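Enquirer: There's a structure below that I have some questions on.
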Protein chains: 2
Amino acid sequence: MKKNIPTPAIERLCSVYHVLEEMEKEGVTAVSSKEIGVRIGVEAHSIRKDINYLGEIGNGRAGYEVGELKRHIKKHLKLPEHTKACIVGIGRLGTAILHDNRFASYGYDVVAGFDTNINKLETIKTNVPVYPAHEITAIVKRNRIQLAVLAIPADTAQETADRLIDGGIVGILNFAPVVLHPVSGVAIRNIDIVNEFRILSSIANI
Amino acid sequence: MKKNIPTPAIERLCSVYHVLEEMEKEGVTAVSSKEIGVRIGVEAHSIRKDINYLGEIGNGRAGYEVGELKRHIKKHLKLPEHTKACIVGIGRLGTAILHDNRFASYGYDVVAGFDTNINKLETIKTNVPVYPAHEITAIVKRNRIQLAVLAIPADTAQETADRLIDGGIVGILNFAPVVLHPVSGVAIRNIDIVNEFRILSSIANI
């Protein structure tokens, strides 16, 4: 069923899931589609429509049970318990992401870093092993790494993505300012800050 | 008219715009909706639908003139010539963004940084002036800064966003792992890497 859910709905459902996590921490046990909508800036009917993609559960107008809705989303979006990830490019951005200490508690294990600058490898202070970039395909394959963050310049992004995919990567979060070529069976999210500024400019009607 | 364009369409149109920029550099002068779609992983009819939101221009099946389509998107999405931006939180991530040297060439001037750690301000090596966080509202107002990047921890993100908005900020790119409360007239993009991993996991069907 999940295959029929449009990507924008998946994006919103992941935001809903995050809001439910926050509500659980706040001790909230029941929530309406309207309350969820207010938190993420989306109309209530749109929230209900997104949740309906996942099959039958409660009634958005009357309210959802927070824990139940959270488990429902997790199950139907198949959010994983444990997924291995790697960071490619240990420059300023890659280092910042490598030091994000939230991944493990959300089920994502960053098990490898890669950089082309071999001399830099010894000086990087991290608990995650960092390998030279030419080992990407082998290390990804050997460790069955599924997700990758690309934090490298535009000019080498596509060939690096190809090497990751050759190793078996199925999801790439791309911060390089280039739109990666789509590959069947591989999920790609392109995040370019200039592009995000443009989207903001357009929505804000600057 | 722009107000009627759904956000997912604006997001795709900004990706199309970026692809057209790349094509211009490559010397490509004509392109079909199908070719654009292949580059960004979207069906051709969806590309044509998005472009049609902007009003009449050429025919997607027959092809668009690259420069003309680029100007058309820029005009109708009101992509600005010059916009002032600031970075809040000069930690690892904020520093990485501050050193991105592409902003100026795309019309975005990063004119200020902010950090709560006053002692750190003198040691930050950058051409952009960095101010203490308590001056956010005043500096944003005085310099008419329109966009802000939030690169701070979750617990202070909402109050900092409120201070930015008080100063007149109309667009926030939020990297703090918390969904900011929507405010009328302010565009907000929440980018949480854990959330992006979840979206990738779900789309990739891990």
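Lettering and numbering for the structure tokens are positional, with chains as A, B, ... in the shown order, residues counted from 1 in each chain, and ligands counted from 1 in the shown order.
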Enumerate as a list in words all residues of range 92-159 of chain B assigned to alpha helix (DSSP H) by DSSP on the backbone, naming them with the chain letters and numbers the document uses.

Expert: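 For range 92-159 of chain B, the alpha helix (DSSP H) set is Arg92, Leu93, Gly94, Thr95, Ala96, Ile97, Leu98, Ile118, Asn119, Lys120, Leu121, Ile136, Thr137, Ala138, Ile139, Val140, Lys141, Arg142, Asn143, Ala157, Gln158 and Glu159 of chain B.
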
Enquirer: Could you write out the selected residues, including N, CA and C atoms, as a short mmCIF file (atom, residue, chain, number, x, y, z; two decimals), in the first residue's frame?

Expert:
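Written file, out_3.cif:
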data_model
loop_
_atom_site.label_atom_id
_atom_site.label_comp_id
_atom_site.auth_asym_id
_atom_site.auth_seq_id
_atom_site.Cartn_x
_atom_site.Cartn_y
_atom_site.Cartn_z
N ARG B 92 29.14 24.05 14.66
CA ARG B 92 29.70 23.36 13.49
C ARG B 92 28.86 23.57 12.25
N LEU B 93 27.53 23.37 12.38
CA LEU B 93 26.65 23.49 11.22
C LEU B 93 26.57 24.94 10.73
N GLY B 94 26.39 25.87 11.68
CA GLY B 94 26.30 27.30 11.30
C GLY B 94 27.56 27.77 10.60
N THR B 95 28.72 27.33 11.11
CA THR B 95 29.99 27.71 10.49
C THR B 95 30.08 27.15 9.07
N ALA B 96 29.64 25.91 8.92
CA ALA B 96 29.67 25.29 7.59
C ALA B 96 28.84 26.11 6.61
N ILE B 97 27.68 26.54 7.04
CA ILE B 97 26.78 27.30 6.16
C ILE B 97 27.35 28.69 5.89
N LEU B 98 27.94 29.29 6.95
CA LEU B 98 28.53 30.62 6.82
C LEU B 98 29.65 30.63 5.78
N ILE B 118 29.15 34.57 23.87
CA ILE B 118 29.82 35.85 23.57
C ILE B 118 31.34 35.67 23.45
N ASN B 119 31.88 34.77 24.25
CA ASN B 119 33.33 34.56 24.23
C ASN B 119 33.80 34.02 22.88
N LYS B 120 32.89 33.30 22.25
CA LYS B 120 33.25 32.68 20.97
C LYS B 120 33.30 33.70 19.84
N LEU B 121 32.58 34.81 20.02
CA LEU B 121 32.40 35.76 18.91
C LEU B 121 33.72 36.24 18.31
N ILE B 136 19.45 40.01 18.32
CA ILE B 136 18.82 39.53 17.08
C ILE B 136 17.74 40.47 16.55
N THR B 137 16.76 40.77 17.38
CA THR B 137 15.62 41.58 16.89
C THR B 137 16.09 42.94 16.35
N ALA B 138 16.97 43.59 17.11
CA ALA B 138 17.44 44.93 16.72
C ALA B 138 18.24 44.91 15.41
N ILE B 139 19.17 43.95 15.32
CA ILE B 139 20.03 43.88 14.12
C ILE B 139 19.23 43.50 12.88
N VAL B 140 18.32 42.55 13.04
CA VAL B 140 17.50 42.13 11.90
C VAL B 140 16.66 43.30 11.40
N LYS B 141 16.09 44.05 12.35
CA LYS B 141 15.25 45.20 12.00
C LYS B 141 16.09 46.28 11.30
N ARG B 142 17.24 46.63 11.93
CA ARG B 142 18.07 47.71 11.42
C ARG B 142 18.57 47.42 10.01
N ASN B 143 18.95 46.15 9.76
CA ASN B 143 19.52 45.78 8.46
C ASN B 143 18.49 45.25 7.46
N ALA B 157 15.07 26.95 20.02
CA ALA B 157 14.72 27.27 18.62
C ALA B 157 13.45 28.13 18.52
N GLN B 158 12.41 27.77 19.26
CA GLN B 158 11.15 28.52 19.11
C GLN B 158 11.29 29.97 19.58
N GLU B 159 11.90 30.18 20.75
CA GLU B 159 12.02 31.57 21.23
C GLU B 159 12.93 32.39 20.31
#

Enquirer: Find the spatial neighbours of Asn195 in chain A, counting only C-alpha atoms, within a cut-off of 9 Å - ignore same-chain residues fewer than 6 positions away - and output them as a list of chain:residue names.

Expert: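 Listing them by chain and then by number gives A:Pro177, B:Glu11, B:Cys14, B:Ser15, B:His18.
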
Enquirer: Using only C-alpha atoms, which residues of chain A come within 8 Å of chain B, and what is the closest atom pair for each, with the distance in Å to one decimal? Give it as a Markdown table, sorted by chain and residue number.

Expert:
| residue | atom | partner | partner_atom | distance |
| --- | --- | --- | --- | --- |
| A:Lys3 | CA | B:Ile203 | CA | 7.9 |
| A:Thr7 | CA | B:Ile203 | CA | 7.5 |
| A:Pro8 | CA | B:Pro8 | CA | 6.7 |
| A:Ile10 | CA | B:Ile199 | CA | 6.6 |
| A:Glu11 | CA | B:Ile199 | CA | 6.2 |
| A:Cys14 | CA | B:Asn195 | CA | 6.5 |
| A:Ser15 | CA | B:Asn195 | CA | 7.3 |
| A:His18 | CA | B:Asn195 | CA | 7.7 |
| A:Val19 | CA | B:Val179 | CA | 7.2 |
| A:Val38 | CA | B:Pro182 | CA | 7.3 |
| A:Arg39 | CA | B:His181 | CA | 5.7 |
| A:Ile40 | CA | B:Val179 | CA | 6.5 |
| A:Gly41 | CA | B:Pro182 | CA | 5.2 |
| A:Leu77 | CA | B:Ser202 | CA | 5.3 |
| A:Lys78 | CA | B:Ser202 | CA | 5.9 |
| A:Leu79 | CA | B:Ser202 | CA | 6.1 |
| A:Pro80 | CA | B:Ser201 | CA | 7.2 |
| A:Arg92 | CA | B:Ala96 | CA | 4.9 |
| A:Leu93 | CA | B:Ala96 | CA | 5.2 |
| A:Thr95 | CA | B:Arg92 | CA | 7.4 |
| A:Ala96 | CA | B:Arg92 | CA | 4.9 |
| A:Ile97 | CA | B:Leu93 | CA | 7.6 |
| A:Arg102 | CA | B:Val194 | CA | 7.8 |
| A:Phe103 | CA | B:Val194 | CA | 6.5 |
| A:Tyr106 | CA | B:Val194 | CA | 7.4 |
| A:Gln146 | CA | B:Ile206 | CA | 7.9 |
| A:Leu147 | CA | B:Phe197 | CA | 7.6 |
| A:Val170 | CA | B:Ala204 | CA | 6.0 |
| A:Gly171 | CA | B:Leu200 | CA | 5.5 |
| A:Ile172 | CA | B:Leu200 | CA | 7.4 |
| A:Leu173 | CA | B:Glu196 | CA | 7.3 |
| A:Val179 | CA | B:Ile40 | CA | 6.5 |
| A:Leu180 | CA | B:Ile40 | CA | 7.4 |
| A:His181 | CA | B:Arg39 | CA | 5.6 |
| A:Pro182 | CA | B:Gly41 | CA | 5.2 |
| A:Gly185 | CA | B:Ala204 | CA | 6.6 |
| A:Val186 | CA | B:Ala204 | CA | 6.1 |
| A:Ala187 | CA | B:Ala204 | CA | 5.2 |
| A:Ile188 | CA | B:Leu200 | CA | 7.1 |
| A:Arg189 | CA | B:Leu200 | CA | 7.3 |
| A:Val194 | CA | B:Phe103 | CA | 6.5 |
| A:Asn195 | CA | B:Cys14 | CA | 6.5 |
| A:Glu196 | CA | B:Leu173 | CA | 7.3 |
| A:Phe197 | CA | B:Leu173 | CA | 7.6 |
| A:Arg198 | CA | B:Leu79 | CA | 6.3 |
| A:Ile199 | CA | B:Glu11 | CA | 6.2 |
| A:Leu200 | CA | B:Gly171 | CA | 5.5 |
| A:Ser201 | CA | B:Leu79 | CA | 6.4 |
| A:Ser202 | CA | B:Leu77 | CA | 5.3 |
| A:Ile203 | CA | B:Ala187 | CA | 6.0 |
| A:Ala204 | CA | B:Ala187 | CA | 5.2 |
| A:Asn205 | CA | B:Lys78 | CA | 7.0 |
| A:Ile206 | CA | B:Pro80 | CA | 7.2 |

Enquirer: Near Asn127 in chain A, counting only C-alpha atoms, which residues have an atom at most 10 Å away, once you skip same-chain residues fewer than 2 positions from it, shown as an MDAnalysis selection string?

Expert: chainID A and resid 98:99 110:112 124:125 129:130

Enquirer: Work out how far apart CA of Asp162 in chain B and CA of Glu35 in chain A are and give it in Å to one decimal.

Expert: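 That distance, rounded to one decimal, is 20.2 Å.
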
Enquirer: I want to know what sits within 9 Å of Arg144 in chain A, based on only C-alpha atoms, with residues of the same chain fewer than 6 positions away left out; could you give that as a PyMOL selection string?

Expert: chain A and resi 84+167-169

Enquirer: Just how far from CA of Tyr64 in chain A is CA of Val28 in chain A, in Å to one decimal?

Expert: 11.0 Å
